[in-house]
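**Student:** Following this line is final.cif, made up of mmCIF, C-alpha atoms:
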```
data_start
loop_
_atom_site.group_PDB
_atom_site.id
_atom_site.type_symbol
_atom_site.label_atom_id
_atom_site.label_comp_id
_atom_site.auth_asym_id
_atom_site.auth_seq_id
_atom_site.Cartn_x
_atom_site.Cartn_y
_atom_site.Cartn_z
ATOM 1 C CA MET A 1 3.895 -175.056 4.488
ATOM 2 C CA ILE A 2 7.235 -173.618 3.599
ATOM 3 C CA ASN A 3 5.924 -172.600 0.195
ATOM 4 C CA LYS A 4 3.007 -170.730 1.785
ATOM 5 C CA THR A 5 5.411 -168.987 4.098
ATOM 6 C CA LYS A 6 7.618 -167.912 1.179
ATOM 7 C CA LEU A 7 4.587 -166.682 -0.740
ATOM 8 C CA ALA A 8 3.452 -164.536 2.186
ATOM 9 C CA LEU A 9 6.933 -163.099 2.630
ATOM 10 C CA GLY A 10 7.073 -162.250 -1.085
ATOM 11 C CA ILE A 11 3.743 -160.487 -0.980
ATOM 12 C CA ALA A 12 4.805 -158.466 2.080
ATOM 13 C CA THR A 13 8.074 -157.548 0.465
ATOM 14 C CA ALA A 14 6.325 -156.345 -2.680
ATOM 15 C CA THR A 15 3.853 -154.321 -0.647
ATOM 16 C CA LEU A 16 6.606 -152.581 1.294
ATOM 17 C CA THR A 17 8.487 -151.870 -1.921
ATOM 18 C CA MET A 18 5.471 -150.176 -3.584
ATOM 19 C CA THR A 19 4.715 -148.164 -0.450
ATOM 20 C CA GLY A 20 8.275 -146.862 -0.293
ATOM 21 C CA ALA A 21 8.166 -145.903 -3.932
ATOM 22 C CA LEU A 22 4.963 -143.938 -3.473
ATOM 23 C CA VAL A 23 6.299 -142.116 -0.403
ATOM 24 C CA SER A 24 9.528 -141.189 -2.142
ATOM 25 C CA SER A 25 7.674 -139.796 -5.197
ATOM 26 C CA GLU A 26 5.492 -137.567 -2.996
ATOM 27 C CA ALA A 27 8.555 -136.340 -1.102
ATOM 28 C CA VAL A 28 10.269 -135.455 -4.346
ATOM 29 C CA ALA A 29 7.210 -133.500 -5.563
ATOM 30 C CA GLY A 30 6.977 -131.538 -2.278
ATOM 31 C CA SER A 31 10.655 -130.699 -2.433
ATOM 32 C CA LYS A 32 10.279 -129.307 -5.989
ATOM 33 C CA THR A 33 7.364 -127.087 -4.921
ATOM 34 C CA GLN A 34 9.319 -125.648 -2.003
ATOM 35 C CA HIS A 35 12.269 -124.941 -4.286
ATOM 36 C CA ALA A 36 10.007 -123.026 -6.712
ATOM 37 C CA GLU A 37 8.563 -120.868 -3.937
ATOM 38 C CA VAL A 38 11.998 -120.071 -2.569
ATOM 39 C CA ALA A 39 13.202 -119.130 -6.044
ATOM 40 C CA GLY A 40 10.246 -116.695 -6.512
ATOM 41 C CA VAL A 41 10.926 -114.996 -3.187
ATOM 42 C CA ASN A 42 14.577 -114.689 -4.020
ATOM 43 C CA SER A 43 13.791 -113.012 -7.354
ATOM 44 C CA LYS A 44 11.536 -110.430 -5.639
ATOM 45 C CA VAL A 45 14.221 -109.699 -3.091
ATOM 46 C CA ASP A 46 16.740 -109.226 -5.880
ATOM 47 C CA ALA A 47 14.407 -106.772 -7.671
ATOM 48 C CA LEU A 48 13.843 -104.707 -4.501
ATOM 49 C CA GLU A 49 17.558 -104.676 -3.838
ATOM 50 C CA ALA A 50 18.190 -103.385 -7.373
ATOM 51 C CA GLN A 51 15.632 -100.591 -6.895
ATOM 52 C CA LEU A 52 17.204 -99.553 -3.603
ATOM 53 C CA GLN A 53 20.597 -99.455 -5.209
ATOM 54 C CA ALA A 54 19.251 -97.253 -8.027
ATOM 55 C CA MET A 55 17.670 -94.857 -5.507
ATOM 56 C CA GLN A 56 20.891 -94.669 -3.519
ATOM 57 C CA ALA A 57 22.792 -93.876 -6.703
ATOM 58 C CA GLU A 58 20.328 -91.046 -7.591
ATOM 59 C CA ILE A 59 20.555 -89.577 -4.085
ATOM 60 C CA SER A 60 24.337 -89.674 -4.252
ATOM 61 C CA ARG A 61 24.244 -87.878 -7.621
ATOM 62 C CA LEU A 62 21.945 -85.125 -6.284
ATOM 63 C CA ARG A 63 24.130 -84.630 -3.238
ATOM 64 C CA ALA A 64 27.186 -84.351 -5.394
ATOM 65 C CA GLU A 65 25.451 -81.800 -7.664
ATOM 66 C CA THR A 66 24.295 -79.634 -4.777
ATOM 67 C CA SER A 67 27.693 -79.721 -3.151
ATOM 68 C CA ARG A 68 29.351 -78.750 -6.434
ATOM 69 C CA PRO A 69 30.575 -75.113 -6.240
ATOM 70 C CA ARG A 70 28.499 -72.681 -8.367
ATOM 71 C CA SER A 71 29.978 -70.457 -10.981
ATOM 72 C CA SER A 72 30.469 -66.777 -10.154
ATOM 73 C CA ALA A 73 27.643 -65.728 -12.518
ATOM 74 C CA GLU A 74 25.175 -68.061 -10.852
ATOM 75 C CA ALA A 75 26.279 -66.925 -7.408
ATOM 76 C CA ASP A 76 25.813 -63.260 -8.424
ATOM 77 C CA LYS A 77 22.321 -63.970 -9.718
ATOM 78 C CA VAL A 78 21.343 -65.773 -6.531
ATOM 79 C CA GLN A 79 22.751 -62.946 -4.416
ATOM 80 C CA GLU A 80 20.912 -60.330 -6.487
ATOM 81 C CA LEU A 81 17.657 -62.249 -6.140
ATOM 82 C CA ASP A 82 18.129 -62.481 -2.384
ATOM 83 C CA GLN A 83 18.763 -58.743 -2.146
ATOM 84 C CA TRP A 84 15.664 -57.979 -4.220
ATOM 85 C CA MET A 85 13.489 -60.203 -2.043
ATOM 86 C CA THR A 86 14.863 -58.541 1.070
ATOM 87 C CA SER A 87 14.174 -55.056 -0.289
ATOM 88 C CA VAL A 88 10.618 -55.991 -1.294
ATOM 89 C CA LYS A 89 9.895 -57.420 2.134
ATOM 90 C CA SER A 90 11.322 -54.394 3.934
ATOM 91 C CA ALA A 91 9.713 -51.756 1.663
ATOM 92 C CA PRO A 92 6.614 -50.065 3.136
ATOM 93 C CA VAL A 93 3.259 -50.580 1.494
ATOM 94 C CA ALA A 94 2.750 -47.891 -1.163
ATOM 95 C CA VAL A 95 -0.266 -45.657 -0.539
ATOM 96 C CA VAL A 96 -1.765 -43.837 -3.524
ATOM 97 C CA GLU A 97 -2.183 -40.178 -2.604
ATOM 98 C CA LYS A 98 -5.312 -38.276 -3.541
ATOM 99 C CA ASP A 99 -3.916 -35.042 -4.944
ATOM 100 C CA HIS A 100 -6.813 -33.866 -7.123
ATOM 101 C CA LEU A 101 -9.401 -31.574 -5.533
ATOM 102 C CA PHE A 102 -13.018 -30.669 -6.234
ATOM 103 C CA SER A 103 -14.167 -27.570 -4.370
ATOM 104 C CA ALA A 104 -17.321 -25.494 -4.046
ATOM 105 C CA ARG A 105 -16.619 -21.827 -3.459
ATOM 106 C CA GLY A 106 -18.337 -18.490 -3.041
ATOM 107 C CA GLY A 107 -17.911 -14.990 -1.672
ATOM 108 C CA TRP A 108 -17.973 -11.298 -2.488
ATOM 109 C CA MET A 109 -17.122 -9.548 -5.766
ATOM 110 C CA HIS A 110 -16.399 -5.865 -6.353
ATOM 111 C CA LEU A 111 -16.252 -4.300 -9.827
ATOM 112 C CA ASN A 112 -14.173 -1.272 -10.712
ATOM 113 C CA ASP A 113 -17.179 0.415 -12.427
ATOM 114 C CA ASN A 114 -20.947 0.096 -12.387
ATOM 115 C CA ARG A 115 -22.336 -2.546 -14.706
ATOM 116 C CA GLY A 116 -23.637 -0.256 -17.407
ATOM 117 C CA SER A 117 -22.634 1.288 -20.706
ATOM 118 C CA THR A 118 -19.813 3.795 -20.348
ATOM 119 C CA SER A 119 -20.399 5.703 -23.584
ATOM 120 C CA GLY A 120 -23.308 7.508 -25.256
ATOM 121 C CA ILE A 121 -24.707 10.798 -26.489
ATOM 122 C CA GLY A 122 -25.125 12.994 -23.467
ATOM 123 C CA GLY A 123 -28.714 13.960 -22.610
ATOM 124 C CA SER A 124 -30.296 11.939 -25.390
ATOM 125 C CA GLY A 125 -30.298 8.502 -23.833
ATOM 126 C CA LEU A 126 -28.931 7.134 -27.074
ATOM 127 C CA GLY A 127 -26.107 4.661 -26.574
ATOM 128 C CA GLU A 128 -26.199 4.977 -22.796
ATOM 129 C CA ASP A 129 -27.540 1.974 -20.903
ATOM 130 C CA VAL A 130 -29.852 1.063 -23.776
ATOM 131 C CA LEU A 131 -29.729 -2.669 -22.983
ATOM 132 C CA THR A 132 -27.442 -2.705 -19.964
ATOM 133 C CA SER A 133 -28.429 -1.648 -16.480
ATOM 134 C CA GLY A 134 -26.324 0.466 -14.207
ATOM 135 C CA THR A 135 -26.219 -1.263 -10.828
ATOM 136 C CA ASP A 136 -24.123 -1.393 -7.708
ATOM 137 C CA LYS A 137 -20.450 -2.323 -8.010
ATOM 138 C CA ASP A 138 -20.743 -5.082 -5.424
ATOM 139 C CA ALA A 139 -22.102 -8.573 -5.937
ATOM 140 C CA PHE A 140 -22.069 -12.075 -4.498
ATOM 141 C CA TYR A 141 -20.732 -15.066 -6.386
ATOM 142 C CA TYR A 142 -20.696 -18.848 -6.075
ATOM 143 C CA GLY A 143 -19.367 -21.679 -8.178
ATOM 144 C CA GLY A 144 -17.000 -24.602 -8.241
ATOM 145 C CA ALA A 145 -13.590 -25.685 -9.459
ATOM 146 C CA ILE A 146 -11.486 -28.780 -10.037
ATOM 147 C CA ASP A 147 -7.741 -28.818 -9.385
ATOM 148 C CA PHE A 148 -5.907 -31.430 -11.461
ATOM 149 C CA ASN A 149 -2.546 -32.246 -9.879
ATOM 150 C CA MET A 150 0.223 -32.606 -12.482
ATOM 151 C CA ASN A 151 3.297 -33.193 -10.287
ATOM 152 C CA ASN A 152 4.652 -32.520 -6.791
ATOM 153 C CA ASN A 153 8.107 -31.149 -7.620
ATOM 154 C CA LEU A 154 7.285 -28.298 -10.042
ATOM 155 C CA PHE A 155 8.761 -30.213 -12.977
ATOM 156 C CA GLY A 156 11.902 -30.971 -11.003
ATOM 157 C CA LEU A 157 12.566 -27.332 -10.062
ATOM 158 C CA MET A 158 11.324 -27.294 -6.436
ATOM 159 C CA ASP A 159 10.718 -30.121 -3.982
ATOM 160 C CA HIS A 160 7.392 -30.305 -2.122
ATOM 161 C CA THR A 161 5.842 -27.869 -4.603
ATOM 162 C CA SER A 162 2.864 -28.987 -6.694
ATOM 163 C CA PHE A 163 1.829 -27.790 -10.123
ATOM 164 C CA LEU A 164 -1.888 -27.979 -10.884
ATOM 165 C CA MET A 165 -4.385 -26.857 -13.505
ATOM 166 C CA GLU A 166 -7.570 -25.282 -12.168
ATOM 167 C CA LEU A 167 -10.803 -25.338 -14.159
ATOM 168 C CA GLY A 168 -13.502 -23.217 -12.562
ATOM 169 C CA ILE A 169 -16.883 -21.614 -13.132
ATOM 170 C CA GLU A 170 -18.527 -18.798 -11.160
ATOM 171 C CA TYR A 171 -21.913 -17.114 -11.234
ATOM 172 C CA SER A 172 -22.208 -13.564 -9.875
ATOM 173 C CA GLU A 173 -25.318 -11.481 -9.418
ATOM 174 C CA LEU A 174 -25.211 -7.715 -9.079
ATOM 175 C CA GLY A 175 -28.909 -6.943 -8.630
ATOM 176 C CA ASP A 176 -32.341 -6.475 -10.212
ATOM 177 C CA ARG A 177 -33.698 -3.513 -12.127
ATOM 178 C CA LYS A 178 -37.095 -2.793 -13.644
ATOM 179 C CA ASP A 179 -36.000 -0.313 -16.288
ATOM 180 C CA SER A 180 -33.053 0.275 -18.557
ATOM 181 C CA GLY A 181 -31.766 2.811 -21.037
ATOM 182 C CA LEU A 182 -34.242 1.450 -23.573
ATOM 183 C CA ASP A 183 -37.037 3.156 -21.614
ATOM 184 C CA ASN A 184 -35.192 6.474 -21.830
ATOM 185 C CA VAL A 185 -34.831 6.183 -25.592
ATOM 186 C CA ILE A 186 -38.520 5.414 -26.113
ATOM 187 C CA THR A 187 -39.528 8.165 -23.680
ATOM 188 C CA THR A 188 -37.410 10.678 -25.612
ATOM 189 C CA ALA A 189 -38.912 9.529 -28.921
ATOM 190 C CA ALA A 190 -42.425 9.787 -27.468
ATOM 191 C CA LEU A 191 -41.901 13.446 -26.514
ATOM 192 C CA GLY A 192 -41.755 12.914 -22.784
ATOM 193 C CA GLN A 193 -44.457 10.282 -22.440
ATOM 194 C CA THR A 194 -43.235 7.481 -20.143
ATOM 195 C CA VAL A 195 -43.392 4.068 -21.753
ATOM 196 C CA ASN A 196 -42.522 1.038 -19.591
ATOM 197 C CA LEU A 197 -41.211 -1.621 -21.955
ATOM 198 C CA GLN A 198 -39.039 -3.808 -19.747
ATOM 199 C CA GLN A 199 -39.788 -6.291 -16.993
ATOM 200 C CA THR A 200 -37.484 -6.942 -14.048
ATOM 201 C CA VAL A 201 -33.977 -7.715 -15.268
ATOM 202 C CA THR A 202 -31.421 -9.692 -13.271
ATOM 203 C CA VAL A 203 -27.997 -8.201 -13.869
ATOM 204 C CA ASN A 204 -25.476 -11.044 -13.648
ATOM 205 C CA MET A 205 -22.304 -12.504 -15.079
ATOM 206 C CA LEU A 206 -20.858 -15.971 -15.657
ATOM 207 C CA ARG A 207 -17.100 -16.398 -15.478
ATOM 208 C CA ILE A 208 -15.182 -19.478 -16.688
ATOM 209 C CA ASN A 209 -11.482 -19.788 -15.927
ATOM 210 C CA ALA A 210 -8.549 -22.079 -16.685
ATOM 211 C CA SER A 211 -5.480 -21.281 -14.620
ATOM 212 C CA PRO A 212 -2.147 -22.821 -13.670
ATOM 213 C CA LYS A 213 -1.794 -23.048 -9.900
ATOM 214 C CA ILE A 214 1.305 -23.551 -7.764
ATOM 215 C CA LYS A 215 0.807 -25.072 -4.307
ATOM 216 C CA PHE A 216 3.558 -25.076 -1.717
ATOM 217 C CA MET A 217 4.377 -27.389 1.234
ATOM 218 C CA HIS A 218 3.278 -30.687 -0.293
ATOM 219 C CA GLY A 219 2.599 -33.224 2.437
ATOM 220 C CA SER A 220 1.507 -30.578 4.954
ATOM 221 C CA LYS A 221 -2.063 -29.917 6.092
ATOM 222 C CA PHE A 222 -1.620 -26.178 5.473
ATOM 223 C CA ARG A 223 -0.811 -25.296 1.859
ATOM 224 C CA PRO A 224 -0.545 -21.751 0.470
ATOM 225 C CA TRP A 225 -0.839 -21.292 -3.280
ATOM 226 C CA LEU A 226 -0.766 -18.733 -6.051
ATOM 227 C CA ILE A 227 -2.022 -18.290 -9.603
ATOM 228 C CA PRO A 228 0.632 -16.366 -11.565
ATOM 229 C CA VAL A 229 -1.756 -15.679 -14.466
ATOM 230 C CA GLY A 230 -4.850 -17.458 -15.728
ATOM 231 C CA LEU A 231 -7.437 -17.210 -18.500
ATOM 232 C CA ASP A 232 -10.912 -15.708 -17.874
ATOM 233 C CA MET A 233 -13.987 -15.824 -20.084
ATOM 234 C CA ASN A 234 -16.756 -13.413 -18.999
ATOM 235 C CA ILE A 235 -20.372 -13.763 -20.144
ATOM 236 C CA ILE A 236 -22.655 -10.881 -19.180
ATOM 237 C CA SER A 237 -26.425 -10.544 -19.041
ATOM 238 C CA PRO A 238 -28.126 -8.315 -20.128
ATOM 239 C CA PRO A 239 -25.830 -7.892 -23.148
ATOM 240 C CA SER A 240 -23.969 -4.697 -23.928
ATOM 241 C CA ASP A 241 -25.459 -1.921 -26.037
ATOM 242 C CA ALA A 242 -23.780 -3.563 -29.040
ATOM 243 C CA VAL A 243 -25.480 -6.828 -28.075
ATOM 244 C CA THR A 244 -22.136 -8.357 -27.093
ATOM 245 C CA VAL A 245 -22.126 -10.861 -24.251
ATOM 246 C CA LEU A 246 -18.595 -12.320 -24.163
ATOM 247 C CA ASN A 247 -15.070 -11.104 -23.569
ATOM 248 C CA THR A 248 -11.825 -12.620 -22.380
ATOM 249 C CA GLY A 249 -9.283 -11.536 -19.824
ATOM 250 C CA MET A 250 -6.905 -12.800 -17.177
ATOM 251 C CA GLN A 251 -6.825 -13.382 -13.454
ATOM 252 C CA PHE A 252 -4.219 -13.378 -10.701
ATOM 253 C CA GLY A 253 -4.781 -15.032 -7.347
ATOM 254 C CA VAL A 254 -3.370 -16.074 -3.990
ATOM 255 C CA GLY A 255 -4.849 -18.281 -1.319
ATOM 256 C CA ALA A 256 -4.338 -21.034 1.203
ATOM 257 C CA GLU A 257 -5.888 -24.392 2.082
ATOM 258 C CA TYR A 258 -6.084 -26.446 5.251
ATOM 259 C CA GLU A 259 -6.975 -30.142 5.410
ATOM 260 C CA LEU A 260 -9.525 -30.087 8.210
ATOM 261 C CA LEU A 261 -10.232 -33.836 8.062
ATOM 262 C CA LYS A 262 -8.700 -36.547 5.912
ATOM 263 C CA GLY A 263 -9.714 -35.687 2.344
ATOM 264 C CA ILE A 264 -11.758 -32.598 3.381
ATOM 265 C CA VAL A 265 -10.154 -29.210 2.708
ATOM 266 C CA ILE A 266 -11.236 -25.675 3.567
ATOM 267 C CA GLY A 267 -9.692 -22.612 1.964
ATOM 268 C CA ALA A 268 -9.735 -18.877 1.348
ATOM 269 C CA ASP A 269 -8.573 -16.887 -1.656
ATOM 270 C CA GLY A 270 -8.414 -13.483 -3.272
ATOM 271 C CA ARG A 271 -8.306 -12.885 -7.043
ATOM 272 C CA TYR A 272 -8.078 -9.918 -9.369
ATOM 273 C CA HIS A 273 -9.732 -10.127 -12.803
ATOM 274 C CA HIS A 274 -8.559 -7.882 -15.605
ATOM 275 C CA THR A 275 -9.607 -7.467 -19.225
ATOM 276 C CA PHE A 276 -7.726 -5.371 -21.777
ATOM 277 C CA ASP A 277 -10.994 -4.176 -23.292
ATOM 278 C CA ASP A 278 -14.534 -3.821 -22.033
ATOM 279 C CA VAL A 279 -17.510 -5.637 -23.518
ATOM 280 C CA ASP A 280 -18.437 -2.813 -25.901
ATOM 281 C CA GLY A 281 -18.830 -0.389 -23.046
ATOM 282 C CA VAL A 282 -19.367 -2.828 -20.147
ATOM 283 C CA ASP A 283 -16.391 -3.093 -17.775
ATOM 284 C CA THR A 284 -15.901 -6.484 -16.051
ATOM 285 C CA ASP A 285 -12.688 -5.693 -14.152
ATOM 286 C CA GLY A 286 -12.695 -6.256 -10.401
ATOM 287 C CA PHE A 287 -11.633 -8.552 -7.580
ATOM 288 C CA THR A 288 -13.172 -11.360 -5.574
ATOM 289 C CA LEU A 289 -12.723 -12.525 -1.977
ATOM 290 C CA GLY A 290 -14.166 -15.835 -0.854
ATOM 291 C CA GLY A 291 -13.872 -19.233 0.748
ATOM 292 C CA SER A 292 -14.121 -22.821 -0.389
ATOM 293 C CA LEU A 293 -14.866 -26.344 0.776
ATOM 294 C CA GLY A 294 -13.102 -29.094 -1.146
ATOM 295 C CA PHE A 295 -12.867 -32.855 -1.344
ATOM 296 C CA LYS A 296 -9.795 -34.754 -2.513
ATOM 297 C CA PHE A 297 -10.052 -37.506 -5.099
#
```
Taking this structure as input, can you express it in the form of structure tokens?
**Tutor:**
Amino acid sequence: MINKTKLALGIATATLTMTGALVSSEAVAGSKTQHAEVAGVNSKVDALEAQLQAMQAEISRLRAETSRPRSSAEADKVQELDQWMTSVKSAPVAVVEKDHLFSARGGWMHLNDNRGSTSGIGGSGLGEDVLTSGTDKDAFYYGGAIDFNMNNNLFGLMDHTSFLMELGIEYSELGDRKDSGLDNVITTAALGQTVNLQQTVTVNMLRINASPKIKFMHGSKFRPWLIPVGLDMNIISPPSDAVTVLNTGMQFGVGAEYELLKGIVIGADGRYHHTFDDVDGVDTDGFTLGGSLGFKF
């Protein structure tokens, strides 16, 4: 009986011993796992702390650099840049002025002499109005011109005074005539028999000019001007008795303009045209009075 009791106690003791060993091994394994997790978390915290320290060091460096006093050269450059920015902001917006002008013009022309040959053999008809036609001294004209603005201070000599170059063209018509001196010549050669050889002829002239122009009171709506001297080229039709159609001369002029609406200009002018020689007997000297309507561009 005693032996059985001892055997049972031995078995129980062995069982308890094995159970305790198993429990202790599991506890040890769990403790190792927890230690590994804690170590990983600690390493991450250390890394974040190192990054924060690096960022704080960089911020401190930047603050120290910005608080460092600049050199005088750098300060002057910064001050100059600030002044330039202030001047640009305060400057008004630049507006491009339209100083060139295209104008259409017309009016009345008066010649010093009739448009006809001024020389010939008296009574014979020879050399007198053979191809030309004596007409009235008065005529109408129309044409156009472009004023090219060069500067607004007369090359630095006068403020508010513009210097321009005018290029213009004018057509003038003196009248119509159904006969000319050519009829007289043929009639004389035919012993008094009238021979009508010529159809209706329009007596006219084309004038091309290039002239310097000085305009005063730049910036004002009303602007007087003058042409001290300009170049004229006169083309006549019918041609002279020597079959010449072209001569050159000069012109002088004064006038004024008024800007009626923005970019729209009305004006009036008077000009005298002079040539040092006639067109082989045809005199083109005279003056013109007229008006104009112009558009700035």
**Student:** Could you list, as a short mmCIF file (atom, residue, chain, number, x, y, z; two decimals) with C-alpha atoms, in the frame of the given file, every residue within 7 Å of stretch 223-231 of chain A, counting all atoms listed in the file and ignoring same-chain residues fewer than 6 positions away?
**Tutor:**
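Written file, result.cif:
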```cif
data_model
loop_
_atom_site.label_atom_id
_atom_site.label_comp_id
_atom_site.auth_asym_id
_atom_site.auth_seq_id
_atom_site.Cartn_x
_atom_site.Cartn_y
_atom_site.Cartn_z
CA ASN A 209 -11.48 -19.79 -15.93
CA ALA A 210 -8.55 -22.08 -16.68
CA SER A 211 -5.48 -21.28 -14.62
CA PRO A 212 -2.15 -22.82 -13.67
CA LYS A 213 -1.79 -23.05 -9.90
CA ILE A 214 1.30 -23.55 -7.76
CA LYS A 215 0.81 -25.07 -4.31
CA PHE A 216 3.56 -25.08 -1.72
CA MET A 217 4.38 -27.39 1.23
CA GLY A 249 -9.28 -11.54 -19.82
CA MET A 250 -6.90 -12.80 -17.18
CA GLN A 251 -6.82 -13.38 -13.45
CA PHE A 252 -4.22 -13.38 -10.70
CA GLY A 253 -4.78 -15.03 -7.35
CA VAL A 254 -3.37 -16.07 -3.99
CA GLY A 255 -4.85 -18.28 -1.32
CA ALA A 256 -4.34 -21.03 1.20
CA GLU A 257 -5.89 -24.39 2.08
CA TYR A 258 -6.08 -26.45 5.25
#
```
**Student:** Do a neighbour search on A:Gly107 at 7 Å with all atoms listed in the file, toss out local chain neighbours closer than 5 positions, and write the hits as a list in words.
**Tutor:**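 In the requested form, the answer reads Phe140, Tyr141, Tyr142, Leu289, Gly290 and Gly291 of chain A.
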**Student:** Please determine the residues with any atom at most 12 Å from (0.1, -33.0, 3.6) (coordinates as given in the file, with all atoms listed in the file counting) and report them as a ChimeraX atom specification.
**Tutor:** /A:97-99,152,160-162,215-224,257-265,296
**Student:** Using all atoms listed in the file, which residue out of A:Gly40, A:Gly175, A:Gly294, A:Gly156 lies closest to A:Gly144?
**Tutor:**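 Closest candidate: A:Gly294.
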**Student:** Figure out the distance between atom CA of A:Ile208 and atom CA of A:Trp108, please, to one decimal in Å.
**Tutor:**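 For atom CA of A:Trp108 relative to atom CA of A:Ile208, the distance reads 16.6 Å.
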**Student:** Taking all atoms listed in the file into account, which of A:Leu164, A:Ala145, A:Ala64, A:Val243 comes nearest A:Phe295?
**Tutor:**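 Once distances to A:Phe295 are computed over all atoms listed in the file, the minimum belongs to A:Ala145.
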**Student:** Counting all atoms listed in the file, note down every residue that has an atom within 9 Å of the point (-14.6, -9.6, -24.6) (file coordinates), as a ChimeraX atom specification.
**Tutor:** /A:233-235,244-249,275-280
**Student:** Could you jot down the atom CA of A:Leu154 to atom CA of A:Leu167 separation for me, Å, one decimal place?
**Tutor:** 18.8 Å
**Student:** Interatomic distance between atom CA of A:Asn114 and atom CA of A:Ser172?
**Tutor:**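 Pair atom CA of A:Asn114 / atom CA of A:Ser172 returns 13.9 Å.
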**Student:** Selected by the PyMOL selection byres ((chain A and resi 137-139) around 12) in the shown coordinates: which residues, as a PyMOL selection string?
**Tutor:** chain A and resi 106-116+133-136+140-142+171-176+202-205+283-290
